[in-house]
Amino acid sequence: MELQRTPEVIDLEIPARAEVVSVARLVIGAIVAADPAFDDDRAADVRLAISEACTNAIQAQISSNHLTTPVTMRCSSHEGTVTVEVIDHAGGFDPESLEPHPEVTDPARLDHERGLGIPLLRMLSDEVSFNRTADGTSVVMHFMARPGSTEPR
Amino acid sequence: MDLRIDVGQQGSWTVLGVGGEIDVATAPRLRDQMIAALSEGKHNLVVNLEAVDFIDSTGLGVLISGLKRVKTHGGEFRLVSAEQRLLKIFEITGLDAVFNIHPSVDEATAQPPSPGI
């Protein structure tokens, strides 16, 4: 009898400290590495996107003084798709309210050191949604293994 | 994860060799090192990213701030990376059009600084 595989969920509670973002990257890196459909390049995309999402969540909690509440990273991997939800408790924010930056060729672009994280998230994930929760924000990202990268490493 | 930074001199260029991961936890150290170099009158900086395993938007932001500070001082700012994964991040953010990126330190420092560029 063939064993039916179902998505397994891994929850990681992350203290709201900048030093822990690297731990989140290690964990998601290990989860993605377990799926042979993801090649190294796509795995690097996922690690970067998760780093951005966790950085945003942790910084939001620090700036809203929610220092002792952990951020949750909820991961699942199933048939070539990795889904990650990063949940903070920082009161919520509206990503649409972000002011667009000047074009990169505009010298005024140099006045904007921050704000690259959300655009990177959007570019690296196949689907992303920002959801208000009772006390913060949940960012749900889906990553698919790229076509042509399905050969096991 | 750690960030290693060493500072050297190659001709008119001050070369900051960076290794490890540049993220929200470590990027402030790179920013401080660039500010320290500028405060010592070293206005032409090469940041060598060859040994960098990972950079995210916080790291990119610190490099943008470095470029801005160097320009304010009339110096020149160059990056070194030949790593495709890093270069891809510069490309998708459009920052490859903002930074002067060279494949090696030798190539980055081959030409003397051109103040104001």
# chains A, B, ... in the order shown; residues from 1 in each chain; ligands from 1
$ residues_around --residues "A:Arg74" --least-positions-apart "3" --cutoff "10 Å" --atoms "only C-alpha atoms" --output "list in words"
Val9, Ile10, Asp11, Leu12, Glu13, Ile28, Val71, Thr83, Val84, Glu85, Val86, Ile87 and Val140 of chain A
$ residues_around --residues "stretch 133-139 of chain A" --least-positions-apart "6" --cutoff "10 Å" --atoms "only C-alpha atoms" --output "compact mmCIF listing (two decimals) with C-alpha atoms, in the first residue's frame"
# COMPACT_ATOMS: atom_id res chain seq x y z
CA ALA A 53 9.60 38.64 6.45
CA CYS A 54 11.10 37.73 9.83
CA ALA A 57 8.06 41.07 11.95
CA ALA A 60 7.72 45.74 14.07
CA GLN A 61 7.51 44.06 17.44
CA VAL A 71 7.09 35.86 16.27
CA THR A 72 5.76 32.63 14.77
CA MET A 73 7.11 31.10 11.59
CA VAL A 84 5.54 29.92 5.10
CA GLU A 85 3.45 32.11 7.34
CA VAL A 86 5.18 34.70 9.52
CA ILE A 87 2.95 36.01 12.27
CA ASP A 88 3.74 39.04 14.41
CA HIS A 89 1.84 40.70 17.22
CA ALA A 90 2.86 44.28 16.56
CA GLY A 91 -0.54 45.82 15.96
CA GLY A 92 -0.59 45.51 12.18
CA PHE A 93 0.51 47.53 9.19
CA ASP A 94 -0.81 48.18 5.71
CA LEU A 121 9.31 39.47 -0.77
$ interface_residues --of "chain B" --to "chain A" --cutoff "9 Å" --atoms "only C-alpha atoms" --output "PyMOL selection string"
chain B and resi 1+21+23-26+54-58+60-65+67-68+85+89+92-95+97-98
$ closest_residue --among "A:Ser125, A:Ala24, A:Pro15, A:Met144" --to "A:Leu67" --atoms "only C-alpha atoms"
A:Pro15
$ residues_around --residues "B:Leu16" --least-positions-apart "5" --cutoff "8 Å" --atoms "only C-alpha atoms" --output "list in words"
Ile5, Asp6, Val7, Gly8, Leu45, Val46, Val47 and Asn48 of chain B
$ atom_distance --atom1 "atom CA of A:Ser129" --atom2 "atom CA of A:His66"
22.8 Å
$ residues_around --residues "B:Arg4" --least-positions-apart "5" --cutoff "7 Å" --atoms "only C-alpha atoms" --output "list in words"
Val18, Gly19 and Gly20 of chain B
$ select_by_dssp --residues "stretch 16-89 of chain A" --states "helix (DSSP H, G or I)" --output "PyMOL selection string"
chain A and resi 18-33+40-63
$ residues_around --residues "B:Leu87" --least-positions-apart "6" --cutoff "10 Å" --atoms "only C-alpha atoms" --output "compact mmCIF listing (two decimals) with C-alpha atoms, in the first residue's frame"
# COMPACT_ATOMS: atom_id res chain seq x y z
CA VAL B 80 33.32 43.50 -5.55
CA SER B 81 31.30 40.36 -6.19
CA LEU B 95 20.71 48.33 -7.54
CA ASP B 96 23.12 46.99 -10.16
CA ILE B 101 30.29 46.36 -9.19
$ select_by_dssp --residues "stretch 40-73 of chain B" --states "strand (DSSP E)" --output "PyMOL selection string"
chain B and resi 45-55
$ residues_around --residues "B:Thr109" --least-positions-apart "2" --cutoff "8 Å" --atoms "only C-alpha atoms" --output "count of residues only"
9
$ atom_distance --atom1 "atom CA of B:Val52" --atom2 "atom CA of B:Met34"
16.3 Å
$ closest_residue --among "A:Ile62, A:Val46, A:Cys75, A:Ala34" --to "A:Asp126" --atoms "only C-alpha atoms"
A:Val46
